[in-house]
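As provided, input.txt (compact mmCIF, N, CA and C atoms) reads as follows.
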# COMPACT_ATOMS: atom_id res chain seq x y z
N MET N 5 95.31 99.98 85.17
CA MET N 5 96.47 100.75 85.53
C MET N 5 97.59 99.80 85.89
N THR N 6 98.80 100.08 85.37
CA THR N 6 99.98 99.28 85.66
C THR N 6 101.09 100.18 86.17
N VAL N 7 101.69 99.83 87.29
CA VAL N 7 102.86 100.56 87.77
C VAL N 7 104.04 100.22 86.87
N LYS N 8 104.67 101.22 86.30
CA LYS N 8 105.79 101.00 85.39
C LYS N 8 107.14 101.08 86.09
N ARG N 9 107.22 101.89 87.15
CA ARG N 9 108.51 102.06 87.81
C ARG N 9 108.29 102.67 89.18
N ILE N 10 109.14 102.32 90.12
CA ILE N 10 109.21 102.98 91.41
C ILE N 10 110.65 103.46 91.55
N SER N 11 110.83 104.74 91.84
CA SER N 11 112.17 105.31 91.96
C SER N 11 112.42 105.74 93.40
N ALA N 12 113.63 105.53 93.85
CA ALA N 12 114.04 106.03 95.16
C ALA N 12 114.56 107.45 94.99
N ASN N 13 114.10 108.37 95.82
CA ASN N 13 114.56 109.74 95.82
C ASN N 13 115.23 110.01 97.16
N LEU N 14 116.54 110.22 97.15
CA LEU N 14 117.28 110.48 98.37
C LEU N 14 117.52 111.98 98.52
N ASN N 15 117.30 112.50 99.72
CA ASN N 15 117.63 113.88 100.00
C ASN N 15 119.15 114.02 99.89
N ALA N 16 119.60 114.95 99.06
CA ALA N 16 121.03 115.07 98.77
C ALA N 16 121.54 116.46 99.16
N PRO N 17 122.04 116.62 100.37
CA PRO N 17 122.64 117.90 100.73
C PRO N 17 123.75 118.29 99.75
N SER N 18 124.43 117.29 99.19
CA SER N 18 125.46 117.51 98.18
C SER N 18 125.29 116.47 97.07
N ILE N 19 124.71 116.89 95.94
CA ILE N 19 124.56 115.97 94.82
C ILE N 19 125.91 115.43 94.35
N PRO N 20 126.96 116.27 94.21
CA PRO N 20 128.24 115.72 93.76
C PRO N 20 128.79 114.61 94.67
N ALA N 21 128.65 114.76 95.99
CA ALA N 21 129.15 113.73 96.91
C ALA N 21 128.38 112.42 96.76
N LEU N 22 127.04 112.50 96.69
CA LEU N 22 126.24 111.29 96.54
C LEU N 22 126.46 110.67 95.16
N LYS N 23 126.54 111.51 94.14
CA LYS N 23 126.77 111.02 92.78
C LYS N 23 128.09 110.26 92.72
N ALA N 24 129.13 110.81 93.32
CA ALA N 24 130.44 110.14 93.33
C ALA N 24 130.37 108.81 94.08
N PHE N 25 129.68 108.77 95.23
CA PHE N 25 129.56 107.54 96.01
C PHE N 25 128.93 106.43 95.18
N TYR N 26 127.77 106.71 94.56
CA TYR N 26 127.05 105.67 93.82
C TYR N 26 127.72 105.33 92.49
N GLN N 27 128.40 106.29 91.88
CA GLN N 27 129.14 105.98 90.65
C GLN N 27 130.40 105.19 90.97
N ASP N 28 131.17 105.64 91.96
CA ASP N 28 132.44 104.98 92.29
C ASP N 28 132.24 103.58 92.84
N LEU N 29 131.27 103.40 93.73
CA LEU N 29 131.08 102.09 94.36
C LEU N 29 130.27 101.14 93.49
N PHE N 30 129.20 101.62 92.88
CA PHE N 30 128.29 100.74 92.14
C PHE N 30 128.39 100.86 90.63
N GLY N 31 129.16 101.81 90.13
CA GLY N 31 129.33 101.96 88.69
C GLY N 31 128.09 102.44 87.96
N LEU N 32 127.23 103.21 88.64
CA LEU N 32 126.00 103.69 88.01
C LEU N 32 126.30 104.83 87.04
N ASP N 33 125.48 104.93 86.01
CA ASP N 33 125.60 105.97 84.99
C ASP N 33 124.63 107.11 85.29
N VAL N 34 124.97 108.32 84.85
CA VAL N 34 124.05 109.45 84.93
C VAL N 34 123.02 109.29 83.82
N LEU N 35 121.75 109.16 84.19
CA LEU N 35 120.67 109.03 83.22
C LEU N 35 120.00 110.37 82.95
N MET N 36 120.04 111.27 83.95
CA MET N 36 119.45 112.59 83.82
C MET N 36 120.13 113.50 84.83
N ASP N 37 120.41 114.75 84.43
CA ASP N 37 121.00 115.72 85.35
C ASP N 37 120.40 117.09 85.05
N LEU N 38 119.54 117.56 85.96
CA LEU N 38 118.91 118.86 85.81
C LEU N 38 119.50 119.89 86.78
N GLY N 39 120.60 119.52 87.44
CA GLY N 39 121.21 120.42 88.41
C GLY N 39 120.66 120.22 89.80
N TRP N 40 119.35 120.32 89.95
CA TRP N 40 118.71 120.15 91.26
C TRP N 40 118.33 118.69 91.52
N ILE N 41 118.35 117.87 90.49
CA ILE N 41 118.09 116.43 90.61
C ILE N 41 118.96 115.70 89.60
N THR N 42 119.60 114.66 90.06
CA THR N 42 120.40 113.80 89.18
C THR N 42 119.89 112.38 89.36
N THR N 43 119.62 111.70 88.26
CA THR N 43 119.16 110.32 88.29
C THR N 43 120.28 109.42 87.81
N LEU N 44 120.61 108.42 88.62
CA LEU N 44 121.64 107.44 88.28
C LEU N 44 120.98 106.10 88.04
N GLY N 45 121.59 105.27 87.21
CA GLY N 45 121.02 103.95 86.98
C GLY N 45 121.82 103.16 85.98
N THR N 46 121.18 102.10 85.49
CA THR N 46 121.75 101.25 84.46
C THR N 46 120.67 101.00 83.41
N ALA N 47 121.07 100.39 82.32
CA ALA N 47 120.12 100.07 81.27
C ALA N 47 119.35 98.78 81.58
N THR N 48 119.70 98.10 82.66
CA THR N 48 119.06 96.84 83.03
C THR N 48 117.63 97.08 83.49
N SER N 49 116.70 96.31 82.95
CA SER N 49 115.31 96.38 83.36
C SER N 49 115.10 95.49 84.58
N MET N 50 114.34 96.00 85.56
CA MET N 50 114.12 95.24 86.79
C MET N 50 112.64 95.25 87.12
N PRO N 51 112.18 94.26 87.91
CA PRO N 51 110.77 94.26 88.32
C PRO N 51 110.48 95.40 89.28
N VAL N 52 109.25 95.83 89.33
CA VAL N 52 108.82 96.85 90.28
C VAL N 52 108.71 96.20 91.66
N GLN N 53 109.36 96.82 92.65
CA GLN N 53 109.31 96.30 94.01
C GLN N 53 109.24 97.46 94.99
N LEU N 54 108.53 97.26 96.07
CA LEU N 54 108.46 98.21 97.17
C LEU N 54 108.45 97.38 98.45
N SER N 55 109.49 97.52 99.26
CA SER N 55 109.58 96.75 100.50
C SER N 55 109.13 97.61 101.67
N LEU N 56 108.34 97.01 102.55
CA LEU N 56 107.85 97.67 103.76
C LEU N 56 108.39 96.86 104.93
N ALA N 57 109.05 97.52 105.90
CA ALA N 57 109.72 96.75 106.95
C ALA N 57 109.64 97.45 108.30
N THR N 58 109.62 96.65 109.36
CA THR N 58 109.69 97.17 110.72
C THR N 58 111.10 97.06 111.28
N THR N 59 111.94 96.24 110.63
CA THR N 59 113.33 96.06 111.02
C THR N 59 114.13 95.72 109.77
N GLY N 60 115.43 95.90 109.84
CA GLY N 60 116.30 95.54 108.73
C GLY N 60 116.71 94.08 108.76
N GLY N 61 116.24 93.33 109.74
CA GLY N 61 116.61 91.92 109.90
C GLY N 61 117.84 91.78 110.76
N GLU N 62 117.88 90.72 111.56
CA GLU N 62 119.01 90.44 112.46
C GLU N 62 119.31 91.62 113.39
N GLY N 63 118.27 92.38 113.75
CA GLY N 63 118.43 93.49 114.69
C GLY N 63 119.01 94.76 114.08
N THR N 64 119.10 94.83 112.76
CA THR N 64 119.63 96.03 112.11
C THR N 64 118.49 97.01 111.83
N PRO N 65 118.80 98.30 111.70
CA PRO N 65 117.76 99.26 111.34
C PRO N 65 117.31 99.07 109.89
N VAL N 66 116.15 99.59 109.56
CA VAL N 66 115.63 99.50 108.19
C VAL N 66 116.46 100.42 107.30
N PRO N 67 117.04 99.88 106.22
CA PRO N 67 117.83 100.72 105.32
C PRO N 67 116.94 101.55 104.39
N GLU N 68 117.46 102.69 103.95
CA GLU N 68 116.74 103.50 102.97
C GLU N 68 116.77 102.85 101.60
N LEU N 69 117.85 102.14 101.28
CA LEU N 69 118.01 101.49 99.98
C LEU N 69 118.53 100.08 100.15
N SER N 70 118.09 99.19 99.28
CA SER N 70 118.71 97.87 99.14
C SER N 70 119.16 97.76 97.69
N ILE N 71 120.42 97.41 97.51
CA ILE N 71 120.99 97.29 96.17
C ILE N 71 121.51 95.88 96.00
N GLU N 72 120.94 95.15 95.03
CA GLU N 72 121.37 93.78 94.75
C GLU N 72 122.51 93.81 93.73
N VAL N 73 123.55 93.05 94.01
CA VAL N 73 124.71 92.96 93.12
C VAL N 73 124.96 91.50 92.76
N ASP N 74 125.81 91.27 91.75
CA ASP N 74 126.09 89.90 91.34
C ASP N 74 127.33 89.32 92.00
N ASN N 75 128.15 90.15 92.68
CA ASN N 75 129.34 89.66 93.37
C ASN N 75 129.56 90.51 94.61
N LEU N 76 128.93 90.11 95.70
CA LEU N 76 128.97 90.89 96.92
C LEU N 76 130.37 91.01 97.48
N ASP N 77 131.13 89.93 97.49
CA ASP N 77 132.45 89.98 98.09
C ASP N 77 133.38 90.91 97.32
N GLU N 78 133.25 90.94 96.00
CA GLU N 78 134.04 91.86 95.18
C GLU N 78 133.66 93.31 95.50
N LEU N 79 132.38 93.59 95.61
CA LEU N 79 131.94 94.94 95.92
C LEU N 79 132.34 95.34 97.33
N HIS N 80 132.27 94.41 98.27
CA HIS N 80 132.69 94.68 99.64
C HIS N 80 134.16 95.08 99.67
N ALA N 81 135.01 94.35 98.96
CA ALA N 81 136.44 94.68 98.89
C ALA N 81 136.62 96.07 98.26
N HIS N 82 135.84 96.38 97.23
CA HIS N 82 135.92 97.69 96.58
C HIS N 82 135.51 98.80 97.55
N ALA N 83 134.47 98.56 98.34
CA ALA N 83 134.03 99.55 99.33
C ALA N 83 135.14 99.82 100.35
N ILE N 84 135.82 98.77 100.78
CA ILE N 84 136.94 98.92 101.72
C ILE N 84 138.06 99.73 101.06
N GLU N 85 138.38 99.40 99.80
CA GLU N 85 139.41 100.13 99.06
C GLU N 85 139.09 101.62 98.97
N LEU N 86 137.80 101.94 98.80
CA LEU N 86 137.37 103.34 98.71
C LEU N 86 137.31 104.03 100.07
N GLY N 87 137.56 103.27 101.15
CA GLY N 87 137.60 103.84 102.49
C GLY N 87 136.26 103.94 103.19
N HIS N 88 135.25 103.21 102.73
CA HIS N 88 133.94 103.26 103.36
C HIS N 88 133.90 102.37 104.60
N ASP N 89 133.25 102.86 105.65
CA ASP N 89 133.05 102.08 106.87
C ASP N 89 131.90 101.11 106.67
N ILE N 90 132.14 99.85 106.90
CA ILE N 90 131.10 98.82 106.81
C ILE N 90 130.47 98.70 108.19
N LEU N 91 129.16 98.91 108.28
CA LEU N 91 128.47 98.89 109.56
C LEU N 91 128.02 97.50 109.97
N TYR N 92 127.82 96.63 108.98
CA TYR N 92 127.30 95.29 109.26
C TYR N 92 127.74 94.37 108.13
N GLY N 93 128.20 93.18 108.51
CA GLY N 93 128.52 92.16 107.53
C GLY N 93 129.91 92.30 106.93
N PRO N 94 130.13 91.50 105.90
CA PRO N 94 129.16 90.66 105.20
C PRO N 94 128.73 89.45 106.03
N GLU N 95 127.46 89.14 105.89
CA GLU N 95 126.85 88.01 106.60
C GLU N 95 125.94 87.24 105.66
N ASP N 96 125.92 85.91 105.81
CA ASP N 96 124.94 85.06 105.12
C ASP N 96 123.72 85.01 106.03
N GLU N 97 122.57 85.45 105.52
CA GLU N 97 121.36 85.53 106.33
C GLU N 97 120.45 84.33 106.10
N SER N 98 119.62 84.04 107.09
CA SER N 98 118.75 82.86 107.05
C SER N 98 117.71 82.93 105.93
N TRP N 99 117.43 84.12 105.39
CA TRP N 99 116.44 84.26 104.32
C TRP N 99 117.05 84.18 102.93
N GLY N 100 118.31 83.73 102.85
CA GLY N 100 118.89 83.40 101.55
C GLY N 100 119.66 84.49 100.84
N VAL N 101 120.16 85.47 101.60
CA VAL N 101 121.01 86.49 100.99
C VAL N 101 122.31 86.61 101.77
N ARG N 102 123.33 87.09 101.10
CA ARG N 102 124.58 87.52 101.73
C ARG N 102 124.57 89.03 101.60
N ARG N 103 124.90 89.76 102.68
CA ARG N 103 124.77 91.21 102.62
C ARG N 103 125.74 91.92 103.55
N PHE N 104 125.92 93.23 103.25
CA PHE N 104 126.58 94.14 104.17
C PHE N 104 125.85 95.49 104.10
N MET N 105 126.11 96.33 105.11
CA MET N 105 125.44 97.63 105.18
C MET N 105 126.47 98.72 105.43
N LEU N 106 126.22 99.89 104.80
CA LEU N 106 127.06 101.05 105.00
C LEU N 106 126.23 102.30 104.79
N HIS N 107 126.75 103.44 105.25
CA HIS N 107 126.08 104.72 105.02
C HIS N 107 126.67 105.40 103.79
N ASP N 108 125.82 106.10 103.04
CA ASP N 108 126.32 106.95 101.96
C ASP N 108 126.69 108.31 102.57
N PRO N 109 127.24 109.24 101.78
CA PRO N 109 127.66 110.53 102.34
C PRO N 109 126.54 111.38 102.93
N ALA N 110 125.28 111.09 102.62
CA ALA N 110 124.15 111.81 103.21
C ALA N 110 123.57 111.06 104.40
N ASP N 111 124.27 110.03 104.88
CA ASP N 111 123.89 109.24 106.04
C ASP N 111 122.70 108.32 105.79
N ASN N 112 122.40 108.02 104.52
CA ASN N 112 121.38 107.02 104.20
C ASN N 112 121.98 105.64 104.40
N LEU N 113 121.24 104.75 105.06
CA LEU N 113 121.70 103.39 105.27
C LEU N 113 121.44 102.57 104.01
N VAL N 114 122.50 101.97 103.45
CA VAL N 114 122.42 101.20 102.21
C VAL N 114 122.69 99.74 102.53
N ASN N 115 121.75 98.89 102.18
CA ASN N 115 121.84 97.44 102.33
C ASN N 115 122.28 96.87 100.98
N VAL N 116 123.46 96.27 100.93
CA VAL N 116 123.98 95.70 99.69
C VAL N 116 123.87 94.19 99.82
N LEU N 117 123.25 93.54 98.82
CA LEU N 117 122.98 92.12 98.96
C LEU N 117 123.20 91.34 97.68
N GLN N 118 123.39 90.05 97.87
CA GLN N 118 123.45 89.08 96.78
C GLN N 118 122.64 87.87 97.21
N HIS N 119 121.75 87.40 96.35
CA HIS N 119 121.00 86.18 96.66
C HIS N 119 121.94 84.98 96.61
N LEU N 120 121.77 84.08 97.58
CA LEU N 120 122.61 82.87 97.63
C LEU N 120 122.03 81.77 96.77

Output the file's structure as structure tokens, nothing else.
Amino acid sequence: MTVKRISANLNAPSIPALKAFYQDLFGLDVLMDLGWITTLGTATSMPVQLSLATTGGEGTPVPELSIEVDNLDELHAHAIELGHDILYGPEDESWGVRRFMLHDPADNLVNVLQHL
């Protein structure tokens, strides 16, 4: 048996609000829309990962999602332009990432990171 994919499922009181957040900030495409569930993503293939944590690091809470990007500072500026409140960072962390954290419209904590 081989795990082919792990998907994050976020409770969405408003699919349009969450869809707009992830499309506007991260540029994700709609891969599937059944009305009651919408799947966003990219065509990029990624390794299967599941992180288990007791803390988010540096005294932060554990985020519901971690999203790796190729230009954190550019995305951080874009988040500010879109009017999002940044809760933490950007910070260079001792474990080799630069990151910031913010909430999505459903109050999920999102950890945005770039490996250094």

| message | One number please: atom CA of N:Leu29 to atom CA of N:Glu85, in Å, one decimal. | response |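 Here the two named atoms are 9.8 Å from each other.
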
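When only N, CA and C atoms are used to compute distances to N:Ala110, the closest of the residues N:Ser18, N:Thr43, N:Thr6, N:Gln27 turns out to be N:Ser18.
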
| When you draw a straight line from atom CA of N:Gly93 to atom CA of N:Met105, how long is it in Å? |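 Atom CA of N:Met105 lies 6.7 Å from atom CA of N:Gly93.
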
| task | Go ahead and find all residues with at least one atom no further than 8 Å from (123.6, 93.5, 99.4) in the file's coordinates, using only N, CA and C atoms; report them as a list in words. | result |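 Collected hits near the coordinates: Ser70, Ile71, Glu72, Val73, Leu76, Val101, Arg102, Arg103, Phe104, Met105, Val114, Asn115, Val116, Leu117, Gln118 and His119 of chain N.
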
| task | Based on DSSP run over this structure's backbone, return all residues of stretch 47-88 of chain N in strand (DSSP E or B), as a PyMOL selection string. | result | chain N and resi 69-72

| query | By how many Å are atom CA of N:Arg9 and atom N of N:Met50 apart? | reply |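 Result for atom CA of N:Arg9 versus atom N of N:Met50: 8.7 Å, one decimal.
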
| message | Run DSSP on the backbone and tell me which residues of chain N come out as alpha helix (DSSP H); list them as a list in words. | response |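 Going through chain N, the alpha helix (DSSP H) residues come out as Ile19, Pro20, Ala21, Leu22, Lys23, Ala24, Phe25, Tyr26, Gln27, Asp28, Leu29, Phe30, Leu76, Asp77, Glu78, Leu79, His80, Ala81, His82, Ala83, Ile84 and Glu85 of chain N.
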
| Nearest candidate to N:Asp108 (options N:Leu86, N:Ala21, N:Met5, N:Ala81; using all atoms listed in the file) |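 Closest to N:Asp108, using all atoms listed in the file: N:Ala21.
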
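The nearest approach to N:Pro65 among the residues N:Leu91, N:Gly45, N:Val7, N:Glu97, with only C-alpha atoms taken into account, belongs to N:Leu91.
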
| task | Write out as number ranges by chain which residues come within 12 Å of N:Leu22 when counting only C-alpha atoms, dropping same-chain ones fewer than 6 positions away. | result | N: 13-16, 28-30, 32, 34, 41-44, 107-112

Please, can stretch 51-62 of chain N be completed to all heavy atoms and returned as a compact mmCIF listing (two decimals), in the frame of the given file?
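Produced file selection-v7.txt, reproduced below:
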# COMPACT_ATOMS: atom_id res chain seq x y z
N PRO N 51 112.18 94.26 87.91
CA PRO N 51 110.77 94.26 88.32
C PRO N 51 110.48 95.40 89.28
O PRO N 51 111.37 95.89 89.96
CB PRO N 51 110.61 92.90 89.02
CG PRO N 51 111.98 92.52 89.46
CD PRO N 51 112.93 93.14 88.46
N VAL N 52 109.25 95.83 89.33
CA VAL N 52 108.82 96.85 90.28
C VAL N 52 108.71 96.20 91.66
O VAL N 52 108.09 95.16 91.81
CB VAL N 52 107.45 97.44 89.86
CG1 VAL N 52 106.91 98.35 90.94
CG2 VAL N 52 107.57 98.15 88.53
N GLN N 53 109.36 96.82 92.65
CA GLN N 53 109.31 96.30 94.01
C GLN N 53 109.24 97.46 94.99
O GLN N 53 109.85 98.51 94.77
CB GLN N 53 110.56 95.47 94.33
CG GLN N 53 110.65 94.18 93.57
CD GLN N 53 111.86 93.37 94.00
OE1 GLN N 53 112.93 93.90 94.24
NE2 GLN N 53 111.68 92.08 94.10
N LEU N 54 108.53 97.26 96.07
CA LEU N 54 108.46 98.21 97.17
C LEU N 54 108.45 97.38 98.45
O LEU N 54 107.53 96.59 98.66
CB LEU N 54 107.19 99.07 97.08
CG LEU N 54 106.96 100.07 98.20
CD1 LEU N 54 108.07 101.10 98.24
CD2 LEU N 54 105.60 100.72 98.03
N SER N 55 109.49 97.52 99.26
CA SER N 55 109.58 96.75 100.50
C SER N 55 109.13 97.61 101.67
O SER N 55 109.51 98.78 101.78
CB SER N 55 111.02 96.29 100.73
OG SER N 55 111.42 95.41 99.70
N LEU N 56 108.34 97.01 102.55
CA LEU N 56 107.85 97.67 103.76
C LEU N 56 108.39 96.86 104.93
O LEU N 56 108.22 95.64 104.97
CB LEU N 56 106.33 97.69 103.76
CG LEU N 56 105.68 98.21 102.48
CD1 LEU N 56 104.17 98.01 102.52
CD2 LEU N 56 106.04 99.67 102.24
N ALA N 57 109.05 97.52 105.90
CA ALA N 57 109.72 96.75 106.95
C ALA N 57 109.64 97.45 108.30
O ALA N 57 109.62 98.68 108.37
CB ALA N 57 111.19 96.56 106.56
N THR N 58 109.62 96.65 109.36
CA THR N 58 109.69 97.17 110.72
C THR N 58 111.10 97.06 111.28
O THR N 58 111.43 97.67 112.27
CB THR N 58 108.72 96.43 111.65
OG1 THR N 58 109.06 95.04 111.65
CG2 THR N 58 107.28 96.62 111.20
N THR N 59 111.94 96.24 110.63
CA THR N 59 113.33 96.06 111.02
C THR N 59 114.13 95.72 109.77
O THR N 59 113.56 95.27 108.77
CB THR N 59 113.49 94.95 112.09
OG1 THR N 59 114.88 94.78 112.40
CG2 THR N 59 112.93 93.63 111.61
N GLY N 60 115.43 95.90 109.84
CA GLY N 60 116.30 95.54 108.73
C GLY N 60 116.71 94.08 108.76
O GLY N 60 117.48 93.63 107.92
N GLY N 61 116.24 93.33 109.74
CA GLY N 61 116.61 91.92 109.90
C GLY N 61 117.84 91.78 110.76
O GLY N 61 118.74 92.63 110.73
N GLU N 62 117.88 90.72 111.56
CA GLU N 62 119.01 90.44 112.46
C GLU N 62 119.31 91.62 113.39
O GLU N 62 120.46 91.87 113.74
CB GLU N 62 120.27 90.07 111.67
CG GLU N 62 120.13 88.84 110.80
CD GLU N 62 119.79 87.56 111.58
OE1 GLU N 62 120.10 87.46 112.77
OE2 GLU N 62 119.18 86.67 110.97
